[in-house]
file my_file_28.cif (mmCIF, C-alpha atoms)
data_coords
loop_
_atom_site.label_atom_id
_atom_site.label_comp_id
_atom_site.auth_asym_id
_atom_site.auth_seq_id
_atom_site.Cartn_x
_atom_site.Cartn_y
_atom_site.Cartn_z
CA MET A 1 58.62 -76.51 -40.56
CA VAL A 2 61.92 -77.86 -39.31
CA GLY A 3 62.56 -76.83 -35.71
CA GLY A 4 64.67 -73.70 -35.44
CA SER A 5 64.41 -72.78 -39.16
CA MET A 6 62.93 -69.53 -40.41
CA SER A 7 59.68 -69.11 -42.32
CA LEU A 8 58.61 -66.28 -44.59
CA ILE A 9 55.21 -64.63 -44.59
CA THR A 10 54.10 -61.71 -46.75
CA LEU A 11 51.92 -58.80 -45.72
CA HIS A 12 50.29 -56.54 -48.31
CA LYS A 13 49.60 -52.94 -47.35
CA ILE A 14 46.40 -51.81 -49.10
CA GLU A 15 44.51 -48.53 -48.75
CA ALA A 16 40.88 -47.68 -49.39
CA THR A 17 40.29 -43.89 -49.33
CA GLY A 18 43.16 -43.61 -46.88
CA ASN A 19 41.96 -46.39 -44.57
CA ASP A 20 45.02 -48.65 -44.68
CA PHE A 21 45.37 -52.29 -43.73
CA LEU A 22 47.99 -55.01 -43.60
CA VAL A 23 46.49 -57.99 -45.42
CA VAL A 24 47.79 -61.54 -45.16
CA ASP A 25 46.71 -64.85 -46.68
CA ALA A 26 46.11 -66.85 -43.50
CA ARG A 27 44.39 -69.83 -45.10
CA HIS A 28 47.35 -72.13 -44.40
CA TRP A 29 48.95 -70.42 -41.43
CA ASP A 30 48.34 -70.38 -37.73
CA PRO A 31 47.28 -66.72 -37.34
CA ALA A 32 47.80 -66.59 -33.57
CA VAL A 33 51.26 -65.04 -33.75
CA LEU A 34 50.20 -62.39 -36.25
CA VAL A 35 47.14 -61.54 -34.17
CA ALA A 36 49.29 -61.16 -31.06
CA GLN A 37 51.69 -58.92 -32.96
CA ALA A 38 48.99 -56.75 -34.60
CA PRO A 39 49.61 -53.65 -32.41
CA GLN A 40 53.35 -53.77 -33.18
CA LEU A 41 52.82 -54.40 -36.90
CA CYS A 42 50.27 -51.57 -37.17
CA ASP A 43 52.27 -49.08 -35.10
CA ARG A 44 53.09 -46.05 -37.27
CA SER A 45 56.33 -45.23 -35.47
CA LYS A 46 57.87 -48.63 -34.77
CA GLY A 47 55.93 -50.92 -37.13
CA PHE A 48 54.69 -50.74 -40.71
CA GLY A 49 51.74 -48.46 -39.98
CA ALA A 50 48.11 -49.44 -40.55
CA ASP A 51 44.61 -49.03 -39.18
CA GLY A 52 44.29 -52.77 -38.80
CA LEU A 53 45.40 -56.27 -39.73
CA LEU A 54 43.20 -58.27 -42.13
CA LEU A 55 43.40 -62.06 -42.22
CA LEU A 56 42.05 -63.72 -45.37
CA GLY A 57 40.91 -67.16 -44.28
CA LEU A 58 39.02 -70.16 -45.55
CA PRO A 59 35.24 -69.80 -45.94
CA LEU A 60 33.08 -70.49 -42.91
CA ASP A 61 31.36 -73.82 -43.55
CA VAL A 62 28.26 -72.95 -41.53
CA ALA A 63 26.99 -70.51 -44.14
CA ASP A 64 27.66 -72.50 -47.30
CA GLY A 65 24.64 -74.00 -48.98
CA VAL A 66 22.24 -72.63 -46.38
CA ASP A 67 19.06 -70.90 -47.61
CA GLY A 68 20.32 -70.89 -51.18
CA LEU A 69 23.59 -69.07 -50.43
CA GLU A 70 26.41 -69.79 -52.82
CA PRO A 71 29.68 -70.85 -51.17
CA ALA A 72 31.93 -68.04 -50.03
CA HIS A 73 35.35 -67.54 -51.63
CA CYS A 74 37.01 -66.70 -48.32
CA SER A 75 36.52 -65.24 -44.86
CA MET A 76 37.85 -62.08 -43.24
CA ARG A 77 39.02 -61.40 -39.71
CA LEU A 78 39.91 -57.83 -38.73
CA ILE A 79 42.23 -56.97 -35.86
CA ASN A 80 42.23 -53.30 -34.91
CA ALA A 81 45.48 -51.41 -34.43
CA ASP A 82 45.10 -51.80 -30.66
CA GLY A 83 44.83 -55.59 -30.95
CA SER A 84 41.06 -55.85 -30.46
CA ASP A 85 38.79 -57.75 -32.83
CA ALA A 86 36.35 -55.78 -34.97
CA GLU A 87 33.12 -57.17 -36.38
CA MET A 88 33.30 -55.48 -39.76
CA SER A 89 35.00 -52.82 -41.88
CA GLY A 90 33.51 -51.64 -45.15
CA ASN A 91 36.85 -50.30 -46.37
CA GLY A 92 38.62 -53.34 -44.95
CA VAL A 93 36.55 -55.83 -46.89
CA ARG A 94 37.07 -53.75 -50.03
CA ALA A 95 40.84 -53.79 -49.39
CA LEU A 96 40.63 -57.54 -48.90
CA GLY A 97 38.92 -57.69 -52.29
CA LEU A 98 41.99 -56.26 -54.01
CA PHE A 99 44.22 -58.87 -52.42
CA ALA A 100 41.73 -61.65 -53.16
CA VAL A 101 41.72 -60.77 -56.86
CA SER A 102 45.55 -60.82 -56.89
CA ILE A 103 45.54 -64.45 -55.71
CA GLY A 104 42.84 -65.58 -58.13
CA LEU A 105 39.66 -65.33 -56.06
CA GLY A 106 36.48 -63.74 -57.43
CA PRO A 107 37.34 -64.33 -61.12
CA GLU A 108 33.82 -63.47 -62.29
CA GLY A 109 33.96 -59.98 -60.78
CA VAL A 110 32.08 -61.04 -57.65
CA LEU A 111 33.62 -61.93 -54.30
CA ARG A 112 31.71 -63.52 -51.41
CA VAL A 113 33.32 -63.02 -48.00
CA ASP A 114 32.29 -64.43 -44.64
CA THR A 115 32.80 -61.91 -41.81
CA ALA A 116 31.89 -61.66 -38.14
CA ALA A 117 29.00 -59.46 -39.29
CA GLY A 118 27.73 -62.03 -41.81
CA ARG A 119 28.21 -62.76 -45.50
CA LYS A 120 29.30 -59.76 -47.61
CA VAL A 121 29.21 -59.72 -51.41
CA LEU A 122 31.51 -57.44 -53.41
CA ASP A 123 31.18 -56.27 -57.01
CA LEU A 124 34.70 -55.84 -58.39
CA GLU A 125 35.85 -53.38 -61.06
CA ILE A 126 39.04 -54.85 -62.53
CA ASP A 127 41.26 -52.99 -65.01
CA SER A 128 42.81 -54.34 -68.21
CA GLU A 129 45.85 -55.56 -66.27
CA GLY A 130 43.71 -57.63 -63.91
CA VAL A 131 44.06 -55.24 -60.96
CA LEU A 132 41.09 -54.28 -58.80
CA VAL A 133 40.63 -50.51 -58.83
CA TYR A 134 37.13 -50.04 -57.39
CA ALA A 135 34.99 -52.23 -55.19
CA THR A 136 31.38 -51.97 -54.10
CA VAL A 137 30.17 -54.06 -51.18
CA ASP A 138 26.66 -54.91 -50.11
CA MET A 139 26.85 -53.92 -46.45
CA GLY A 140 23.44 -55.36 -45.59
CA ALA A 141 20.87 -53.75 -43.35
CA VAL A 142 21.44 -50.72 -41.17
CA ALA A 143 20.09 -51.23 -37.64
CA PHE A 144 18.25 -48.44 -35.86
CA ASP A 145 17.02 -50.47 -32.89
CA SER A 146 18.90 -50.31 -29.62
CA ALA A 147 19.45 -54.05 -29.16
CA SER A 148 21.08 -54.53 -32.55
CA ILE A 149 23.42 -51.51 -32.39
CA PRO A 150 23.91 -52.21 -29.41
CA THR A 151 23.15 -49.37 -27.01
CA THR A 152 21.43 -49.32 -23.66
CA ALA A 153 19.58 -46.14 -24.65
CA GLN A 154 15.88 -46.87 -25.01
CA ASP A 155 15.71 -44.58 -28.05
CA PRO A 156 18.95 -44.37 -30.09
CA ARG A 157 17.89 -41.10 -31.70
CA GLY A 158 19.07 -37.74 -30.46
CA LEU A 159 21.66 -39.09 -28.03
CA GLY A 160 23.44 -36.17 -26.44
CA ALA A 161 26.68 -35.56 -24.58
CA VAL A 162 28.52 -32.56 -23.22
CA ILE A 163 32.33 -32.61 -23.03
CA ASP A 164 34.37 -29.63 -21.85
CA GLY A 165 31.39 -27.38 -22.52
CA VAL A 166 30.86 -28.69 -26.08
CA SER A 167 27.41 -30.15 -26.73
CA TYR A 168 26.93 -33.07 -29.11
CA SER A 169 23.77 -34.71 -30.42
CA GLY A 170 23.16 -37.46 -32.91
CA ASP A 171 21.71 -40.87 -33.68
CA ALA A 172 23.20 -44.28 -33.04
CA ALA A 173 23.11 -46.90 -35.77
CA GLY A 174 24.47 -50.39 -36.34
CA MET A 175 26.35 -51.69 -39.38
CA GLY A 176 27.38 -54.95 -37.79
CA ASN A 177 29.34 -52.71 -35.42
CA PRO A 178 28.16 -49.69 -33.36
CA HIS A 179 28.17 -46.08 -34.57
CA TRP A 180 27.22 -42.73 -33.08
CA VAL A 181 26.64 -40.15 -35.83
CA LEU A 182 26.97 -36.60 -34.51
CA LEU A 183 25.88 -33.52 -36.43
CA VAL A 184 28.44 -30.73 -36.10
CA GLU A 185 28.80 -27.32 -37.69
CA ASP A 186 32.12 -28.05 -39.38
CA PRO A 187 33.91 -31.43 -39.14
CA ALA A 188 37.22 -29.73 -39.96
CA LYS A 189 36.98 -27.83 -36.68
CA ALA A 190 35.52 -30.66 -34.60
CA LEU A 191 37.56 -31.87 -31.61
CA VAL A 192 37.77 -35.40 -32.96
CA VAL A 193 41.08 -36.34 -31.36
CA GLU A 194 40.27 -34.64 -28.05
CA HIS A 195 36.68 -35.83 -27.58
CA GLY A 196 36.58 -38.97 -29.72
CA PRO A 197 38.23 -41.19 -27.09
CA ILE A 198 35.72 -40.04 -24.47
CA LEU A 199 32.70 -40.53 -26.72
CA GLU A 200 33.96 -43.99 -27.75
CA LEU A 201 33.72 -45.10 -24.12
CA ASP A 202 30.26 -43.64 -23.47
CA GLU A 203 28.56 -45.98 -21.01
CA ARG A 204 25.46 -46.26 -23.20
CA PHE A 205 27.51 -48.33 -25.67
CA PRO A 206 28.47 -51.62 -23.97
CA ASN A 207 30.86 -52.58 -26.78
CA ARG A 208 32.26 -49.06 -27.16
CA THR A 209 31.39 -47.19 -30.35
CA ASN A 210 32.75 -45.60 -33.49
CA VAL A 211 32.00 -41.88 -33.61
CA GLU A 212 31.25 -39.91 -36.80
CA PHE A 213 31.36 -36.10 -36.90
CA ILE A 214 29.34 -35.00 -39.94
CA SER A 215 27.76 -32.01 -41.66
CA LEU A 216 26.08 -31.36 -44.98
CA THR A 217 28.65 -30.37 -47.61
CA PRO A 218 28.18 -26.69 -48.59
CA GLY A 219 27.27 -26.17 -52.22
CA GLU A 220 26.48 -29.84 -52.88
CA SER A 221 23.27 -31.80 -52.74
CA ASN A 222 23.17 -35.33 -51.37
CA ALA A 223 26.66 -34.99 -49.94
CA ILE A 224 28.05 -35.02 -46.42
CA THR A 225 31.50 -34.33 -45.01
CA MET A 226 32.77 -36.65 -42.29
CA ARG A 227 35.62 -37.18 -39.88
CA VAL A 228 35.65 -40.31 -37.78
CA TRP A 229 37.04 -41.64 -34.53
CA GLU A 230 37.31 -45.40 -34.97
CA ARG A 231 36.89 -47.66 -31.98
CA GLY A 232 40.19 -49.30 -31.15
CA VAL A 233 42.14 -47.27 -33.73
CA GLY A 234 41.75 -43.51 -33.31
CA GLU A 235 41.06 -40.93 -35.98
CA THR A 236 41.37 -42.44 -39.44
CA LEU A 237 41.25 -40.95 -42.93
CA SER A 238 38.16 -42.97 -43.76
CA CYS A 239 35.71 -45.55 -42.40
CA GLY A 240 33.40 -47.58 -44.61
CA THR A 241 30.93 -48.68 -41.96
CA GLY A 242 31.05 -45.14 -40.57
CA ALA A 243 30.25 -43.61 -43.95
CA SER A 244 27.40 -46.10 -44.35
CA ALA A 245 25.96 -45.32 -40.92
CA ALA A 246 26.38 -41.56 -41.42
CA ALA A 247 24.62 -41.59 -44.80
CA ALA A 248 21.80 -43.76 -43.42
CA VAL A 249 21.26 -41.46 -40.44
CA ALA A 250 21.33 -38.35 -42.64
CA ASN A 251 18.87 -40.02 -45.01
CA ARG A 252 16.50 -40.93 -42.19
CA MET A 253 16.62 -37.31 -41.00
CA GLY A 254 15.60 -36.17 -44.49
CA LEU A 255 18.89 -34.34 -45.09
CA VAL A 256 20.00 -36.38 -48.12
CA GLY A 257 18.51 -38.74 -50.68
CA ASP A 258 19.22 -42.38 -51.43
CA LEU A 259 22.57 -41.88 -53.21
CA VAL A 260 25.03 -40.05 -50.99
CA THR A 261 28.59 -38.90 -51.54
CA VAL A 262 30.58 -39.03 -48.31
CA HIS A 263 33.65 -36.81 -48.32
CA VAL A 264 36.32 -38.09 -45.94
CA PRO A 265 39.91 -36.86 -45.53
CA GLY A 266 41.14 -39.82 -47.60
CA GLY A 267 38.80 -39.27 -50.56
CA ASP A 268 35.18 -39.89 -51.51
CA LEU A 269 32.89 -42.84 -50.85
CA LEU A 270 29.54 -43.47 -52.53
CA VAL A 271 26.73 -44.86 -50.37
CA GLU A 272 23.54 -46.19 -51.93
CA ILE A 273 20.58 -46.63 -49.60
CA ARG A 274 18.02 -49.18 -50.76
CA ASP A 275 14.82 -50.59 -49.36
CA GLY A 276 15.84 -53.67 -47.42
CA ALA A 277 14.40 -57.13 -47.59
CA GLU A 278 11.25 -57.80 -45.63
CA GLY A 279 12.04 -58.38 -41.99
CA GLN A 280 15.39 -56.57 -42.09
CA ILE A 281 16.05 -54.49 -39.01
CA GLY A 282 15.89 -50.83 -39.97
CA GLY A 283 14.25 -51.55 -43.33
CA LYS A 284 17.20 -50.14 -45.33
CA SER A 285 20.09 -51.89 -47.04
CA ILE A 286 23.42 -50.20 -47.79
CA ARG A 287 25.86 -50.48 -50.70
CA LEU A 288 29.27 -48.88 -50.29
CA GLY A 289 31.64 -48.10 -53.15
CA GLY A 290 35.07 -46.54 -53.45
CA PRO A 291 38.60 -46.90 -54.84
CA VAL A 292 41.26 -49.28 -53.52
CA ALA A 293 45.00 -49.35 -54.16
CA HIS A 294 48.03 -51.48 -53.33
CA VAL A 295 50.70 -49.60 -51.35
CA ALA A 296 53.47 -52.02 -50.46
CA GLU A 297 54.49 -55.64 -50.01
CA ILE A 298 56.29 -56.62 -46.82
CA THR A 299 58.01 -59.96 -46.28
CA LEU A 300 58.66 -61.05 -42.72
CA GLU A 301 61.02 -63.79 -41.60
CA SER A 302 60.37 -65.53 -38.31
CA LYS A 303 60.58 -68.95 -36.73
CA ASP A 304 57.25 -68.09 -35.06
CA PHE A 305 55.20 -68.17 -38.30
CA THR A 306 54.18 -71.80 -38.57
CA SER A 307 52.45 -73.24 -41.61
CA SER A 308 49.44 -75.45 -40.93
CA LEU A 309 50.13 -77.47 -44.06
#
call {"tool": "encode", "arguments": {"input": "my_file_28.cif", "output": "structure tokens"}}
result
Amino acid sequence: MVGGSMSLITLHKIEATGNDFLVVDARHWDPAVLVAQAPQLCDRSKGFGADGLLLLGLPLDVADGVDGLEPAHCSMRLINADGSDAEMSGNGVRALGLFAVSIGLGPEGVLRVDTAAGRKVLDLEIDSEGVLVYATVDMGAVAFDSASIPTTAQDPRGLGAVIDGVSYSGDAAGMGNPHWVLLVEDPAKALVVEHGPILELDERFPNRTNVEFISLTPGESNAITMRVWERGVGETLSCGTGASAAAAVANRMGLVGDLVTVHVPGGDLLVEIRDGAEGQIGGKSIRLGGPVAHVAEITLESKDFTSSL
């Protein structure tokens, strides 16, 4: 870039059951400026509005060719709306899948993505016009042990809290990031916005935690209704790792079977709970599926966006 000249960079706003992200191809850009600006870009009043910023990067070399793994197509870094890094987002990686298909990655209907929570593999449903409309991601194992979640509680089951006279109880689980799944009478009436920020900072979760407020869906079998307070974001219309953790906890409690519909304010997610590979923490592996859609394309002009080419 010539000193003082302006460069263009394009952000794609993509939503997955209402969980929306700004996605950018950062393979040949220095992402530092975008990362620093994530809170402003994601701000819903003064920015473009999003739950987070997704950077599609080059694959991580350390995983390629190890233990029979095929090379990844790309990597994903997620910056929350508050500017903090997140380990993983099930809806985020599905949103990234839509963008990846649009730039020619995953041509065989499979996309391998390196994330901070490990390699994730997506099965892609592409329409006749070559647009991704539905993505299912292998989320890997759900963790029910304290060290992997992580939580300082010796037993992550039945963790309770009382806030303003309201009693909560539920199990903690890990999906590459921490979750606290609380059973409530009616998520629609739960004090998610009021109590979510307090529960997120519970001292038993050293890395803070996402908080799911769930109940069985009346009149349906193998279905739960969920609202979520996302760590570093606030209440969102959906959360893929949250839906996965909630379904896994409900399954372990014997409330649902192995194929669970999770109703969230932004739509429906389908969680499949499988027996995990031998040695997997928790013994269960999760597959998460749901729709994805492109919302908008945003082109920014700035002398600060510097190409690494």
call {"tool": "residues_around", "arguments": {"input": "my_file_28.cif", "residues": "range 186-198 of chain A", "least_positions_apart": "3", "cutoff": "8 Å", "atoms": "only C-alpha atoms", "output": "list in words"}}
result
Ile163, Leu201, Asp202, Val211, Phe213, Ile214, Ser215, Thr225, Met226, Arg227, Val228, Trp229, Gly234 and Glu235 of chain A
call {"tool": "closest_residue", "arguments": {"input": "my_file_28.cif", "among": "A:Ser244, A:Asn80, A:Ser75, A:Thr217", "to": "Val35 in chain A", "atoms": "all atoms listed in the file"}}
result
A:Asn80
call {"tool": "atom_distance", "arguments": {"input": "my_file_28.cif", "atom1": "CA of Asn222 in chain A", "atom2": "CA of Ile149 in chain A"}}
result
24.9 Å
call {"tool": "atom_distance", "arguments": {"input": "my_file_28.cif", "atom1": "CA of Glu297 in chain A", "atom2": "CA of Leu98 in chain A"}}
result
13.1 Å
call {"tool": "resolve_selection", "arguments": {"input": "my_file_28.cif", "expression": "the PyMOL selection byres ((chain A and resi 92) around 10)", "output": "JSON, numbers by chain"}}
result
{"A": [14, 15, 16, 19, 20, 21, 22, 23, 51, 52, 53, 54, 76, 77, 78, 88, 89, 90, 91, 93, 94, 95, 96, 97, 239, 240, 241, 292]}
call {"tool": "closest_residue", "arguments": {"input": "my_file_28.cif", "among": "A:Leu105, A:Thr17, A:Ser128, A:Phe48", "to": "Ile298 in chain A", "atoms": "only C-alpha atoms"}}
result
A:Phe48
call {"tool": "closest_residue", "arguments": {"input": "my_file_28.cif", "among": "A:Ile9, A:Val233, A:Val142, A:Met253", "to": "Lys284 in chain A", "atoms": "only C-alpha atoms"}}
result
A:Val142
